[in-house]
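S.K.: My questions will all concern the structure given below.
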Amino acid sequence: MTTSARPDATARSDPAQRALRTREAKRATYIAAWLDGTLGLAKVTAGTLVGSAALVADGIHSVSDLVTDGFVLAATHYGRQGPDHDHHYGHGRIETLATLLLGSVLIFVAGGIAWSSLHRLFTGILIDAPGIAVMVLAVIALLSKEALFHYTMRVARRTHSKLLEANAWHSRSDVLSTGVVLVALVGAQFGAGWLDAVAAVIVGLLIGKMGWNLVWESARELVDTALPADAQQNMHQVALDVPGVEGVHDLRTRQSAGQAMVDLHIVVGPRISVSEAHEIGNEVSRRLRKSCAAVTDVTFHIDPEDDHGQGDPSRLPGLPLRPEVEQALAARWSSLTFWPRIEWFRLHYLDDQVSVEVQLDDRQNDIAPADMARELAARAADLPWLGDVEVTRRVR
């Protein structure tokens with residue numbers, strides 16, 4: 001039995017909460033876009049006026065932040081929409097794809113900056129002293145982007161947005177690059193103009209590393225990379241601790257936009273009811289979500305026996321289902337005197353056999369249940385799939 005349990009009552013799936021978190025993410029991104037545009041324009045203008053390639057590169061970095069802010073806004077809008085008829089698991093992978101594009105843009109920008117700066121360094125082009133005003137601009141930009149990083153990261157963690165978190169680290173990369181540029185500007189102010197080109201190369205490398213990190217993490221998510229081994233082991237133990245669970249195997253995980261999906265097989269008692277087994281699985285699902293906030297979807301398969309390592313049972317020869325079983329048993333048992341008193345069969349598919357539990361009307365108590373069971377088993381001994389036969393009387 002396989003079923004999927006989703007957190008219907010949690011904030012993560014509540015449409016009102018989801019809409020609130022989407023608005024928070026968009027507000028943080030709008031603030032970032034306004035700041036990136038203002039700082040980018042100021043840096044490029046000042047860098048052009050004083051001839052600082054490092055400051056111009058840093059300004060281009062800020063402008064690239066503005067472009068990626070647009071990615072974030074679009075992905076946040078579409079990626080946080082709930083499931084629909086075409087996307088049964090929601091639209092979270094849109095955020096992942098946008099993060100991948102964001103990282104690619106950063107790598108492209110980094111390559112251009114590094115190439116032009118190396119050319120400037122080897123051709124010996126130096127800059128004059130930039131002046132105090134330009135250095136003050138760099139300090140203001142550095143402090144502003146650091147504040148933006150902390151604000152965006154808080155919102156990202158509150159809204160469970162990997163993409164917004166990536167954008168926060170993008171802002172932190174701007175802080176690092178601006179710090180390098182500030183050092184170069186101070187050096188140029190005291191006559192070491194060559195520091196500007198070196199700083200621009202370092203900025204390019206920092207941007208490229210950040211872009212590569214985003215591309216790598218997004219690519220891992222797109223190919224369904226599992227959660228870390230310790231997280232999986234913890235989930236295995238959480239499931240195993242649920243009363244009624246006799247074993248757990250084939251636990252699999254995957255990630256999507258900061259959320260985690262879990263599939264697992266749960267071994268329960270072989271003769272408990274379907275409803276009890278299902279409720280045990282529901283409790284496993286509840287405890288997994290409580291133990292790991294990222295888990296949003298749990299699909300569990302109920303096993304009446306441990307079939308770990310036996311492969312996909314759908315690829316193996318199957319046992320006969322109820323219509324075929326009843327037909328075969330009726331052909332062999334219908335001539336027995338107590339056949340009309342059989343009220344129902346309960347079938348148990350265990351150990352590659354079908355065990356049969358028979359319930360009789362107890363108005364006649366002329367034959368012991370054990371004798372009836374032996375007689376029934378003997379009459380159907382030619383059936384290769386038949387296991388144990390058990391007879392019970394309905395108590396009136």
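Ligands are numbered from 1 in the order shown, residues from 1 within each chain, and chains are lettered A, B, ... in the order they appear in the structure tokens.
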If we count only C-alpha atoms, what is near Ile60 of chain A at a cut-off of 12 Å, once residues fewer than 4 positions away on the same chain are taken out, given as an NGL selection string?
M.R.: :A and (36-45 or 47-48 or 53-56 or 64-67 or 105-106 or 108-110 or 112-113 or 174 or 177-178 or 200 or 203-204 or 207)
S.K.: What residues in segment 267-357 of chain A get the DSSP label alpha helix (DSSP H)? Please answer as a PyMOL selection string.
M.R.: chain A and resi 274-291+322-333
S.K.: When you count only C-alpha atoms, which of these residues is closest to Val215 of chain A: A:Ile266, A:Ala166, A:Ile302, A:Ala293?
M.R.: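 Ranked by minimum distance to Val215 of chain A, first place goes to A:Ala166.
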S.K.: Identify, on the basis of only C-alpha atoms, every residue whose closest approach to Arg254 of chain A does not exceed 6 Å; exclude the query and any residue fewer than 2 positions from it along the same chain; express the result as a ChimeraX atom specification.
M.R.: /A:224-226,260-261
S.K.: To one decimal place, how far is atom CA of Ala199 of chain A from atom CA of Glu217 of chain A in Å?
M.R.: 27.3 Å
S.K.: Separation of atom CA of Gln189 of chain A and atom CA of His61 of chain A, in Å?
M.R.: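 These atoms are spaced 22.8 Å apart.
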S.K.: Using only C-alpha atoms, determine which residues lie at most 6 Å from segment 329-344 of chain A, disregarding the query and same-chain residues fewer than 5 positions distant; provide the list as a PDB file with N, CA and C atoms, in the first residue's frame.
M.R.:
```pdb
ATOM      1  N   GLN A 359     -14.131 -17.436   7.829  1.00  0.00           N
ATOM      2  CA  GLN A 359     -15.060 -17.268   8.946  1.00  0.00           C
ATOM      3  C   GLN A 359     -16.354 -18.005   8.641  1.00  0.00           C
ATOM      4  N   LEU A 360     -16.816 -18.778   9.648  1.00  0.00           N
ATOM      5  CA  LEU A 360     -18.026 -19.580   9.512  1.00  0.00           C
ATOM      6  C   LEU A 360     -19.153 -19.018  10.365  1.00  0.00           C
ATOM      7  N   ASP A 361     -20.373 -19.249   9.895  1.00  0.00           N
ATOM      8  CA  ASP A 361     -21.553 -19.025  10.735  1.00  0.00           C
ATOM      9  C   ASP A 361     -21.530 -20.090  11.837  1.00  0.00           C
ATOM     10  N   ARG A 379      -8.208 -30.366   0.631  1.00  0.00           N
ATOM     11  CA  ARG A 379      -8.949 -30.265  -0.620  1.00  0.00           C
ATOM     12  C   ARG A 379      -8.265 -29.325  -1.629  1.00  0.00           C
TER      13      ARG A 379
END
```
S.K.: Rounded to one decimal, what separation in Å do you get between atom CA of Gly318 of chain A and atom CA of Pro384 of chain A?
M.R.: 12.6 Å
S.K.: Between A:Trp115, A:Ser355, A:Ala239, A:Phe300, which is the closest to Val198 of chain A once you count only C-alpha atoms?
M.R.: A:Trp115
S.K.: Once DSSP has gone over the backbone, tell me which residues of segment 110-326 of chain A are in strand (DSSP E), as a PyMOL selection string.
M.R.: chain A and resi 247-256+259-267+295-303
S.K.: Could you take the residues named above and write them with C-alpha atoms, as a compact mmCIF listing (two decimals), in the first residue's frame?
M.R.:
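Listing of result_5.txt after writing:
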```txt
# COMPACT_ATOMS: atom_id res chain seq x y z
CA GLY A 247 11.15 -1.91 9.94
CA VAL A 248 12.02 0.88 7.52
CA HIS A 249 13.79 0.52 4.19
CA ASP A 250 14.16 2.12 0.74
CA LEU A 251 14.11 5.62 2.24
CA ARG A 252 14.73 8.13 -0.54
CA THR A 253 14.86 11.93 -0.51
CA ARG A 254 15.05 14.75 -3.02
CA GLN A 255 15.01 18.53 -2.85
CA SER A 256 13.17 21.33 -4.60
CA GLN A 259 11.88 21.86 0.31
CA ALA A 260 12.43 18.13 0.79
CA MET A 261 10.35 15.18 -0.42
CA VAL A 262 10.64 11.77 1.24
CA ASP A 263 9.68 8.27 0.02
CA LEU A 264 10.01 5.25 2.29
CA HIS A 265 8.77 1.70 2.90
CA ILE A 266 7.32 0.95 6.35
CA VAL A 267 7.09 -2.64 7.61
CA VAL A 295 9.95 18.18 4.57
CA THR A 296 6.76 19.07 2.69
CA ASP A 297 5.75 15.77 1.11
CA VAL A 298 5.99 12.21 2.43
CA THR A 299 5.04 9.16 0.37
CA PHE A 300 5.02 5.91 2.33
CA HIS A 301 4.56 2.33 1.18
CA ILE A 302 3.17 -0.14 3.70
CA ASP A 303 4.81 -3.59 3.70
```
S.K.: Which of these, A:Ser273, A:Thr96, A:Gln232, A:Thr159, has the shortest distance to Cys292 of chain A once you count only C-alpha atoms?
M.R.: A:Gln232
S.K.: Which residue, A:Leu214, A:Val175, A:Ala368, A:Val155, has the smallest gap to Lys26 of chain A when you use only C-alpha atoms?
M.R.: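 Ranking A:Leu214, A:Val175, A:Ala368, A:Val155 by distance to Lys26 of chain A, first place goes to A:Val155.
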S.K.: Which residues come within 10 Å of Ala168 of chain A, counting only C-alpha atoms, excluding same-chain residues fewer than 6 positions away, as a list in words?
M.R.: Ala28, Thr29, Ala32, Lys145, Glu146, Leu148, Phe149, His150, Tyr151, Thr152, Met153, Arg154, Val155, Ala156, Lys162 and Asp174 of chain A
S.K.: Which polymer residues have any atom within 9 Å of an atom of Glu246 of chain A, counting only C-alpha atoms, with same-chain residues fewer than 2 positions away left out, as number ranges by chain?
M.R.: A: 240, 242-244, 248, 266-269, 305-306
S.K.: Can you tell me, as a ChimeraX atom specification, what residues are no more than 6 Å from segment 372-377 of chain A when counting only C-alpha atoms, ignoring any on the same chain fewer than 6 positions away?
M.R.: /A:389-391
S.K.: When you count only C-alpha atoms, which of these residues is closest to Met135 of chain A: A:Gly187, A:Gly387, A:Pro323, A:Gly70?
M.R.: A:Gly187
S.K.: Nearest to Ala138 of chain A among A:Pro369, A:Gly208, A:Gly179, A:Gly103, with distances taken over only C-alpha atoms: which residue is it?
M.R.: A:Gly179
